[in-house]
>>> print(open('input.txt').read())   # compact mmCIF, C-alpha atoms
# COMPACT_ATOMS: atom_id res chain seq x y z
CA MET A 1 6.99 -30.72 28.79
CA HIS A 2 9.11 -30.38 25.66
CA ARG A 3 7.88 -28.01 22.99
CA THR A 4 9.08 -27.75 19.46
CA PRO A 5 10.57 -24.42 18.36
CA MET A 6 7.53 -23.84 16.13
CA ALA A 7 5.08 -24.28 19.03
CA ARG A 8 7.22 -22.00 21.20
CA ARG A 9 7.23 -19.33 18.48
CA VAL A 10 3.45 -19.53 17.99
CA GLY A 11 2.97 -19.31 21.76
CA LYS A 12 5.11 -16.20 21.94
CA ALA A 13 3.28 -14.70 18.97
CA LEU A 14 -0.07 -15.45 20.60
CA VAL A 15 0.89 -13.69 23.82
CA VAL A 16 2.33 -10.67 22.00
CA THR A 17 -0.69 -10.43 19.66
CA VAL A 18 -3.16 -10.51 22.57
CA ILE A 19 -1.21 -7.74 24.33
CA ALA A 20 -0.98 -5.69 21.11
CA ALA A 21 -4.70 -6.09 20.41
CA ALA A 22 -5.62 -5.13 23.98
CA LEU A 23 -3.41 -2.04 23.93
CA SER A 24 -4.55 -0.96 20.48
CA HIS A 25 -8.19 -1.52 21.43
CA LEU A 26 -7.71 0.54 24.59
CA LEU A 27 -6.16 3.40 22.61
CA LEU A 28 -8.99 3.28 20.09
CA SER A 29 -11.74 3.08 22.68
CA ASP A 30 -10.33 5.93 24.78
CA GLY A 31 -9.77 8.10 21.72
CA LEU A 32 -13.32 7.53 20.51
CA SER A 33 -14.64 8.32 23.98
CA LEU A 34 -12.71 11.61 23.96
CA SER A 35 -14.10 12.32 20.51
CA GLN A 36 -17.66 11.91 21.76
CA TRP A 37 -17.00 14.12 24.78
CA GLN A 38 -15.61 16.84 22.55
CA GLN A 39 -18.54 16.61 20.14
CA ALA A 40 -21.01 16.78 23.03
CA ALA A 41 -19.23 19.81 24.51
CA THR A 42 -19.27 21.54 21.13
CA ASN A 43 -22.99 20.86 20.76
CA VAL A 44 -23.82 22.57 24.06
CA GLY A 45 -21.50 25.51 23.40
CA GLY A 46 -18.56 24.46 25.55
CA ASP A 47 -14.99 23.92 24.43
CA LEU A 48 -12.63 21.16 25.54
CA GLY A 49 -9.74 22.44 23.48
CA GLY A 50 -10.28 20.62 20.21
CA SER A 51 -12.80 19.17 17.85
CA GLY A 52 -14.26 15.70 17.91
CA ASP A 53 -12.95 15.07 14.42
CA THR A 54 -9.39 15.66 15.54
CA ALA A 55 -9.76 13.26 18.46
CA PHE A 56 -11.36 10.65 16.20
CA SER A 57 -8.49 10.91 13.70
CA ALA A 58 -5.92 10.77 16.50
CA ALA A 59 -7.57 7.63 17.92
CA VAL A 60 -7.43 5.84 14.58
CA VAL A 61 -3.84 6.90 13.88
CA ASN A 62 -2.68 5.93 17.38
CA THR A 63 -4.20 2.47 17.19
CA MET A 64 -2.69 1.92 13.74
CA LEU A 65 0.76 2.98 14.94
CA ALA A 66 0.58 1.00 18.18
CA MET A 67 -0.18 -2.37 16.59
CA PRO A 68 2.99 -2.83 14.51
CA ALA A 69 5.17 -1.25 17.19
CA VAL A 70 3.93 -3.55 19.95
CA LEU A 71 4.11 -6.64 17.72
CA TRP A 72 7.68 -5.92 16.64
CA VAL A 73 8.99 -4.85 20.06
CA GLY A 74 7.23 -7.72 21.82
CA MET A 75 8.58 -10.41 19.52
CA ARG A 76 12.09 -8.93 19.61
CA LEU A 77 12.00 -8.76 23.42
CA LEU A 78 11.13 -12.45 23.39
CA ARG A 79 14.27 -12.98 21.25
CA GLU A 80 12.50 -13.90 18.04
CA ARG A 81 13.97 -12.99 14.68
CA ARG A 82 12.34 -12.58 11.26
CA VAL A 83 9.14 -11.06 12.58
CA TYR A 84 8.37 -9.03 9.46
CA LEU A 85 5.42 -11.13 8.37
CA ILE A 86 3.68 -11.16 11.75
CA VAL A 87 4.01 -7.36 11.89
CA ALA A 88 2.65 -6.97 8.35
CA VAL A 89 -0.23 -9.41 8.85
CA GLY A 90 -1.08 -7.89 12.22
CA THR A 91 -1.06 -4.34 10.90
CA VAL A 92 -3.16 -5.07 7.82
CA GLY A 93 -5.51 -7.33 9.79
CA TRP A 94 -5.97 -4.71 12.49
CA PHE A 95 -6.65 -2.04 9.85
CA PHE A 96 -9.46 -4.11 8.31
CA THR A 97 -10.85 -5.27 11.67
CA VAL A 98 -11.00 -1.74 13.04
CA GLY A 99 -12.32 -0.36 9.77
CA HIS A 100 -15.15 -2.85 9.74
CA TYR A 101 -16.20 -2.46 13.38
CA ILE A 102 -15.41 1.19 14.10
CA ASP A 103 -19.06 2.21 13.82
CA GLN A 104 -20.00 -0.12 16.67
CA LEU A 105 -17.19 1.29 18.79
CA SER A 106 -17.87 4.94 17.97
CA ASP A 107 -21.55 4.61 18.85
CA ARG A 108 -20.75 3.27 22.31
CA PRO A 109 -17.04 3.59 23.20
CA SER A 110 -17.41 1.44 26.31
CA THR A 111 -18.20 -1.60 24.16
CA VAL A 112 -15.66 -4.19 23.16
CA MET A 113 -15.06 -5.17 19.58
CA PRO A 114 -16.98 -8.37 18.72
CA LEU A 115 -15.03 -11.29 20.14
CA GLY A 116 -15.37 -13.55 17.07
CA PRO A 117 -13.54 -11.26 14.65
CA LEU A 118 -11.09 -10.26 17.38
CA ALA A 119 -10.26 -13.92 18.05
CA LEU A 120 -9.92 -14.56 14.31
CA PHE A 121 -7.53 -11.61 14.02
CA ILE A 122 -5.44 -12.89 16.93
CA ALA A 123 -5.33 -16.45 15.57
CA VAL A 124 -4.35 -15.44 12.02
CA THR A 125 -1.69 -13.03 13.26
CA ALA A 126 -0.19 -15.55 15.68
CA LEU A 127 -0.18 -18.34 13.08
CA SER A 128 1.55 -16.08 10.56
CA SER A 129 4.67 -16.31 12.74
CA VAL A 130 5.18 -19.87 11.50
CA VAL A 131 5.77 -18.85 7.88
CA LEU A 132 9.08 -17.01 8.35
CA GLN A 133 11.05 -18.98 10.89
CA PRO A 134 14.64 -18.04 11.55
CA GLN A 135 17.26 -20.39 10.17
CA GLU A 136 19.72 -21.97 12.54
CA ARG A 137 23.01 -20.17 12.58
CA VAL A 138 25.94 -22.29 11.50
CA ASN A 139 29.38 -21.47 12.77
CA PRO A 140 31.56 -21.33 9.64
CA GLY A 141 34.67 -22.27 11.61
CA SER A 142 33.34 -25.64 12.73
CA LEU A 143 33.50 -28.50 10.27
CA SER A 144 31.98 -31.86 10.96
CA SER A 145 33.59 -35.15 10.00
CA THR A 146 31.12 -35.62 7.14
CA SER A 147 31.79 -32.27 5.52
CA ALA A 148 34.15 -31.72 2.63
CA HIS A 149 37.74 -30.73 3.26
CA PRO A 150 38.30 -27.00 3.37
CA VAL A 151 39.40 -25.40 0.16
CA GLU A 152 42.99 -24.27 0.12
CA GLU A 153 43.26 -20.53 0.07
CA ARG A 154 45.79 -18.52 -1.91
CA ALA A 155 47.37 -15.39 -0.57
CA ILE A 156 47.44 -12.32 -2.74
CA GLY A 157 50.55 -12.36 -4.93
CA SER A 158 51.27 -16.05 -4.47
CA VAL A 159 50.28 -17.25 -7.92
CA GLY A 160 51.14 -20.87 -8.39
CA ARG A 161 52.29 -21.44 -4.80
CA LYS A 162 50.20 -23.23 -2.23
CA VAL A 163 49.69 -21.59 1.11
CA ALA A 164 49.68 -23.88 4.11
>>> encode(input="input.txt", output="structure tokens")
Amino acid sequence: MHRTPMARRVGKALVVTVIAAALSHLLLSDGLSLSQWQQAATNVGGDLGGSGDTAFSAAVVNTMLAMPAVLWVGMRLLRERRVYLIVAVGTVGWFFTVGHYIDQLSDRPSTVMPLGPLALFIAVTALSSVVLQPQERVNPGSLSSTSAHPVEERAIGSVGRKVA
């Protein structure tokens, strides 16, 4: 089956975005779970070595740092260039998705983010890879028969003389 370069790029972006969303969701969910454990321990007088607020902040920061890193590294490992837009769209989209649904996750850390918004995030991020496609590289040394003749170059100090 022959795929166009655009379909191949969207397929790669889809795979990388699903992996990035899964990893970022796992970091967020585990961090929120730790936050609840620390808050519960504090409430009963125990100490797990930190406050729940610190764990909550660390969970949010970790998920926000993981998303752009995984998107960029994943697309570069798949030999794609010009991935700036997918990283930007994915990071901003993940920020708003997490910000909107963090209350549902912090109430019950074992829950999964609602699948509708998660699927929308994945689709928009993967489709953003189409906007900035890399241009084909042209070898400047190769000239086709339809191209113009090369311009004659002049050497430094050879004013008025043609250089062969």
>>> atom_distance(input="input.txt", atom1="CA of Val60 in chain A", atom2="CA of Arg81 in chain A")
28.5 Å
>>> closest_residue(input="input.txt", among="A:Ala66, A:Leu77, A:Ile102, A:Leu127", to="Leu32 in chain A", atoms="all atoms listed in the file")
A:Ile102
>>> residues_around(input="input.txt", residues="Val98 in chain A", least_positions_apart="5", cutoff="12 Å", atoms="all atoms listed in the file", output="PyMOL selection string")
chain A and resi 21+24-25+27-29+59-61+63-64+67+90-93+103-106+112-114+117-118+121
>>> write_last_selection(input="input.txt", atoms="C-alpha atoms", output="mmCIF file, in the coordinates of the input")
data_model
loop_
_atom_site.group_PDB
_atom_site.id
_atom_site.type_symbol
_atom_site.label_atom_id
_atom_site.label_comp_id
_atom_site.auth_asym_id
_atom_site.auth_seq_id
_atom_site.Cartn_x
_atom_site.Cartn_y
_atom_site.Cartn_z
ATOM 1 C CA ALA A 21 -4.700 -6.090 20.410
ATOM 2 C CA SER A 24 -4.550 -0.960 20.480
ATOM 3 C CA HIS A 25 -8.190 -1.520 21.430
ATOM 4 C CA LEU A 27 -6.160 3.400 22.610
ATOM 5 C CA LEU A 28 -8.990 3.280 20.090
ATOM 6 C CA SER A 29 -11.740 3.080 22.680
ATOM 7 C CA ALA A 59 -7.570 7.630 17.920
ATOM 8 C CA VAL A 60 -7.430 5.840 14.580
ATOM 9 C CA VAL A 61 -3.840 6.900 13.880
ATOM 10 C CA THR A 63 -4.200 2.470 17.190
ATOM 11 C CA MET A 64 -2.690 1.920 13.740
ATOM 12 C CA MET A 67 -0.180 -2.370 16.590
ATOM 13 C CA GLY A 90 -1.080 -7.890 12.220
ATOM 14 C CA THR A 91 -1.060 -4.340 10.900
ATOM 15 C CA VAL A 92 -3.160 -5.070 7.820
ATOM 16 C CA GLY A 93 -5.510 -7.330 9.790
ATOM 17 C CA ASP A 103 -19.060 2.210 13.820
ATOM 18 C CA GLN A 104 -20.000 -0.120 16.670
ATOM 19 C CA LEU A 105 -17.190 1.290 18.790
ATOM 20 C CA SER A 106 -17.870 4.940 17.970
ATOM 21 C CA VAL A 112 -15.660 -4.190 23.160
ATOM 22 C CA MET A 113 -15.060 -5.170 19.580
ATOM 23 C CA PRO A 114 -16.980 -8.370 18.720
ATOM 24 C CA PRO A 117 -13.540 -11.260 14.650
ATOM 25 C CA LEU A 118 -11.090 -10.260 17.380
ATOM 26 C CA PHE A 121 -7.530 -11.610 14.020
#
>>> closest_residue(input="input.txt", among="A:Asp53, A:Ala41, A:Ala58, A:Ala123", to="Val15 in chain A", atoms="all atoms listed in the file")
A:Ala123
>>> atom_distance(input="input.txt", atom1="CA of Ala20 in chain A", atom2="CA of Gly74 in chain A")
8.5 Å
>>> closest_residue(input="input.txt", among="A:Ser35, A:Thr17, A:Thr97, A:Ser57", to="Thr125 in chain A", atoms="all atoms listed in the file")
A:Thr17
>>> atom_distance(input="input.txt", atom1="CA of Val131 in chain A", atom2="CA of Phe95 in chain A")
21.0 Å
>>> residues_around(input="input.txt", residues="Val16 in chain A", least_positions_apart="3", cutoff="8 Å", atoms="only C-alpha atoms", output="short mmCIF file (atom, residue, chain, number, x, y, z; two decimals) with C-alpha atoms, in the coordinates of the input")
data_model
loop_
_atom_site.label_atom_id
_atom_site.label_comp_id
_atom_site.auth_asym_id
_atom_site.auth_seq_id
_atom_site.Cartn_x
_atom_site.Cartn_y
_atom_site.Cartn_z
CA LYS A 12 5.11 -16.20 21.94
CA ALA A 13 3.28 -14.70 18.97
CA ILE A 19 -1.21 -7.74 24.33
CA ALA A 20 -0.98 -5.69 21.11
CA VAL A 70 3.93 -3.55 19.95
CA LEU A 71 4.11 -6.64 17.72
CA GLY A 74 7.23 -7.72 21.82
CA MET A 75 8.58 -10.41 19.52
#
>>> closest_residue(input="input.txt", among="A:Ala119, A:Phe56, A:Asn43, A:Ser128", to="Val87 in chain A", atoms="all atoms listed in the file")
A:Ser128
>>> residues_around(input="input.txt", residues="Ser129 in chain A", least_positions_apart="2", cutoff="7 Å", atoms="all atoms listed in the file", output="count of residues only")
10
>>> closest_residue(input="input.txt", among="A:Val124, A:Val89, A:Arg76, A:Gly116", to="Tyr101 in chain A", atoms="only C-alpha atoms")
A:Gly116
>>> closest_residue(input="input.txt", among="A:Leu120, A:Ala55, A:Leu115, A:Leu78", to="Gly11 in chain A", atoms="only C-alpha atoms")
A:Leu78
>>> decode(input="input.txt", residues="range 73-111 of chain A", atoms="N, CA and C atoms", output="PDB file, in the first residue's frame")
ATOM      1  N   VAL A  73      10.964  14.660  20.739  1.00  0.00           N
ATOM      2  CA  VAL A  73      11.891  13.530  20.610  1.00  0.00           C
ATOM      3  C   VAL A  73      11.277  12.435  19.741  1.00  0.00           C
ATOM      4  N   GLY A  74      10.004  12.153  19.930  1.00  0.00           N
ATOM      5  CA  GLY A  74       9.352  11.107  19.144  1.00  0.00           C
ATOM      6  C   GLY A  74       9.336  11.412  17.657  1.00  0.00           C
ATOM      7  N   MET A  75       8.984  12.630  17.302  1.00  0.00           N
ATOM      8  CA  MET A  75       8.945  12.991  15.885  1.00  0.00           C
ATOM      9  C   MET A  75      10.347  13.029  15.282  1.00  0.00           C
ATOM     10  N   ARG A  76      11.325  13.487  16.047  1.00  0.00           N
ATOM     11  CA  ARG A  76      12.697  13.511  15.536  1.00  0.00           C
ATOM     12  C   ARG A  76      13.253  12.093  15.391  1.00  0.00           C
ATOM     13  N   LEU A  77      12.908  11.192  16.317  1.00  0.00           N
ATOM     14  CA  LEU A  77      13.349   9.806  16.177  1.00  0.00           C
ATOM     15  C   LEU A  77      12.740   9.138  14.943  1.00  0.00           C
ATOM     16  N   LEU A  78      11.562   9.583  14.572  1.00  0.00           N
ATOM     17  CA  LEU A  78      10.920   9.069  13.356  1.00  0.00           C
ATOM     18  C   LEU A  78      11.352   9.835  12.120  1.00  0.00           C
ATOM     19  N   ARG A  79      12.412  10.626  12.254  1.00  0.00           N
ATOM     20  CA  ARG A  79      13.065  11.357  11.164  1.00  0.00           C
ATOM     21  C   ARG A  79      12.176  12.417  10.508  1.00  0.00           C
ATOM     22  N   GLU A  80      11.366  13.052  11.315  1.00  0.00           N
ATOM     23  CA  GLU A  80      10.554  14.159  10.808  1.00  0.00           C
ATOM     24  C   GLU A  80      11.223  15.477  11.182  1.00  0.00           C
ATOM     25  N   ARG A  81      11.144  16.426  10.278  1.00  0.00           N
ATOM     26  CA  ARG A  81      11.681  17.759  10.505  1.00  0.00           C
ATOM     27  C   ARG A  81      10.533  18.744  10.594  1.00  0.00           C
ATOM     28  N   ARG A  82      10.842  19.945  11.061  1.00  0.00           N
ATOM     29  CA  ARG A  82       9.855  21.023  11.217  1.00  0.00           C
ATOM     30  C   ARG A  82       8.678  20.566  12.071  1.00  0.00           C
ATOM     31  N   VAL A  83       8.968  20.208  13.296  1.00  0.00           N
ATOM     32  CA  VAL A  83       7.953  19.709  14.214  1.00  0.00           C
ATOM     33  C   VAL A  83       7.552  20.754  15.257  1.00  0.00           C
ATOM     34  N   TYR A  84       7.924  22.007  15.004  1.00  0.00           N
ATOM     35  CA  TYR A  84       7.666  23.062  15.979  1.00  0.00           C
ATOM     36  C   TYR A  84       6.177  23.237  16.259  1.00  0.00           C
ATOM     37  N   LEU A  85       5.371  23.200  15.221  1.00  0.00           N
ATOM     38  CA  LEU A  85       3.945  23.459  15.405  1.00  0.00           C
ATOM     39  C   LEU A  85       3.259  22.335  16.173  1.00  0.00           C
ATOM     40  N   ILE A  86       3.607  21.101  15.877  1.00  0.00           N
ATOM     41  CA  ILE A  86       2.983  19.990  16.605  1.00  0.00           C
ATOM     42  C   ILE A  86       3.355  20.054  18.082  1.00  0.00           C
ATOM     43  N   VAL A  87       4.588  20.457  18.384  1.00  0.00           N
ATOM     44  CA  VAL A  87       5.003  20.584  19.782  1.00  0.00           C
ATOM     45  C   VAL A  87       4.246  21.727  20.453  1.00  0.00           C
ATOM     46  N   ALA A  88       4.107  22.849  19.771  1.00  0.00           N
ATOM     47  CA  ALA A  88       3.387  23.993  20.343  1.00  0.00           C
ATOM     48  C   ALA A  88       1.907  23.680  20.536  1.00  0.00           C
ATOM     49  N   VAL A  89       1.274  23.111  19.520  1.00  0.00           N
ATOM     50  CA  VAL A  89      -0.150  22.776  19.624  1.00  0.00           C
ATOM     51  C   VAL A  89      -0.377  21.726  20.706  1.00  0.00           C
ATOM     52  N   GLY A  90       0.485  20.721  20.755  1.00  0.00           N
ATOM     53  CA  GLY A  90       0.357  19.677  21.762  1.00  0.00           C
ATOM     54  C   GLY A  90       0.537  20.203  23.173  1.00  0.00           C
ATOM     55  N   THR A  91       1.496  21.090  23.359  1.00  0.00           N
ATOM     56  CA  THR A  91       1.746  21.635  24.695  1.00  0.00           C
ATOM     57  C   THR A  91       0.590  22.519  25.159  1.00  0.00           C
ATOM     58  N   VAL A  92       0.160  23.418  24.304  1.00  0.00           N
ATOM     59  CA  VAL A  92      -0.952  24.308  24.678  1.00  0.00           C
ATOM     60  C   VAL A  92      -2.249  23.503  24.838  1.00  0.00           C
ATOM     61  N   GLY A  93      -2.486  22.573  23.937  1.00  0.00           N
ATOM     62  CA  GLY A  93      -3.686  21.739  24.044  1.00  0.00           C
ATOM     63  C   GLY A  93      -3.691  20.898  25.306  1.00  0.00           C
ATOM     64  N   TRP A  94      -2.544  20.352  25.660  1.00  0.00           N
ATOM     65  CA  TRP A  94      -2.454  19.538  26.879  1.00  0.00           C
ATOM     66  C   TRP A  94      -2.660  20.413  28.121  1.00  0.00           C
ATOM     67  N   PHE A  95      -2.118  21.628  28.097  1.00  0.00           N
ATOM     68  CA  PHE A  95      -2.298  22.552  29.208  1.00  0.00           C
ATOM     69  C   PHE A  95      -3.788  22.817  29.448  1.00  0.00           C
ATOM     70  N   PHE A  96      -4.531  23.114  28.384  1.00  0.00           N
ATOM     71  CA  PHE A  96      -5.959  23.406  28.544  1.00  0.00           C
ATOM     72  C   PHE A  96      -6.769  22.158  28.870  1.00  0.00           C
ATOM     73  N   THR A  97      -6.403  21.026  28.296  1.00  0.00           N
ATOM     74  CA  THR A  97      -7.130  19.779  28.587  1.00  0.00           C
ATOM     75  C   THR A  97      -6.935  19.391  30.042  1.00  0.00           C
ATOM     76  N   VAL A  98      -5.701  19.420  30.511  1.00  0.00           N
ATOM     77  CA  VAL A  98      -5.430  19.079  31.909  1.00  0.00           C
ATOM     78  C   VAL A  98      -6.067  20.110  32.834  1.00  0.00           C
ATOM     79  N   GLY A  99      -5.949  21.372  32.495  1.00  0.00           N
ATOM     80  CA  GLY A  99      -6.528  22.410  33.339  1.00  0.00           C
ATOM     81  C   GLY A  99      -8.028  22.288  33.487  1.00  0.00           C
ATOM     82  N   HIS A 100      -8.681  21.827  32.440  1.00  0.00           N
ATOM     83  CA  HIS A 100     -10.137  21.705  32.495  1.00  0.00           C
ATOM     84  C   HIS A 100     -10.590  20.459  33.259  1.00  0.00           C
ATOM     85  N   TYR A 101      -9.830  19.386  33.179  1.00  0.00           N
ATOM     86  CA  TYR A 101     -10.266  18.117  33.770  1.00  0.00           C
ATOM     87  C   TYR A 101      -9.452  17.688  34.984  1.00  0.00           C
ATOM     88  N   ILE A 102      -8.639  18.569  35.549  1.00  0.00           N
ATOM     89  CA  ILE A 102      -7.805  18.163  36.677  1.00  0.00           C
ATOM     90  C   ILE A 102      -8.623  17.888  37.933  1.00  0.00           C
ATOM     91  N   ASP A 103      -9.764  18.541  38.075  1.00  0.00           N
ATOM     92  CA  ASP A 103     -10.595  18.281  39.249  1.00  0.00           C
ATOM     93  C   ASP A 103     -11.125  16.854  39.251  1.00  0.00           C
ATOM     94  N   GLN A 104     -11.498  16.357  38.076  1.00  0.00           N
ATOM     95  CA  GLN A 104     -11.980  14.976  37.999  1.00  0.00           C
ATOM     96  C   GLN A 104     -10.859  13.990  38.325  1.00  0.00           C
ATOM     97  N   LEU A 105      -9.650  14.322  37.899  1.00  0.00           N
ATOM     98  CA  LEU A 105      -8.521  13.429  38.165  1.00  0.00           C
ATOM     99  C   LEU A 105      -8.056  13.519  39.611  1.00  0.00           C
ATOM    100  N   SER A 106      -8.104  14.712  40.199  1.00  0.00           N
ATOM    101  CA  SER A 106      -7.614  14.844  41.574  1.00  0.00           C
ATOM    102  C   SER A 106      -8.599  14.276  42.584  1.00  0.00           C
ATOM    103  N   ASP A 107      -9.882  14.191  42.219  1.00  0.00           N
ATOM    104  CA  ASP A 107     -10.848  13.573  43.123  1.00  0.00           C
ATOM    105  C   ASP A 107     -10.636  12.064  43.198  1.00  0.00           C
ATOM    106  N   ARG A 108     -10.391  11.462  42.067  1.00  0.00           N
ATOM    107  CA  ARG A 108     -10.148  10.012  41.996  1.00  0.00           C
ATOM    108  C   ARG A 108      -8.997   9.775  41.031  1.00  0.00           C
ATOM    109  N   PRO A 109      -7.765   9.670  41.515  1.00  0.00           N
ATOM    110  CA  PRO A 109      -6.598   9.556  40.633  1.00  0.00           C
ATOM    111  C   PRO A 109      -6.591   8.307  39.749  1.00  0.00           C
ATOM    112  N   SER A 110      -7.359   7.298  40.118  1.00  0.00           N
ATOM    113  CA  SER A 110      -7.371   6.084  39.297  1.00  0.00           C
ATOM    114  C   SER A 110      -8.225   6.247  38.043  1.00  0.00           C
ATOM    115  N   THR A 111      -8.948   7.345  37.931  1.00  0.00           N
ATOM    116  CA  THR A 111      -9.797   7.547  36.757  1.00  0.00           C
ATOM    117  C   THR A 111      -8.969   8.025  35.577  1.00  0.00           C
TER     118      THR A 111
END
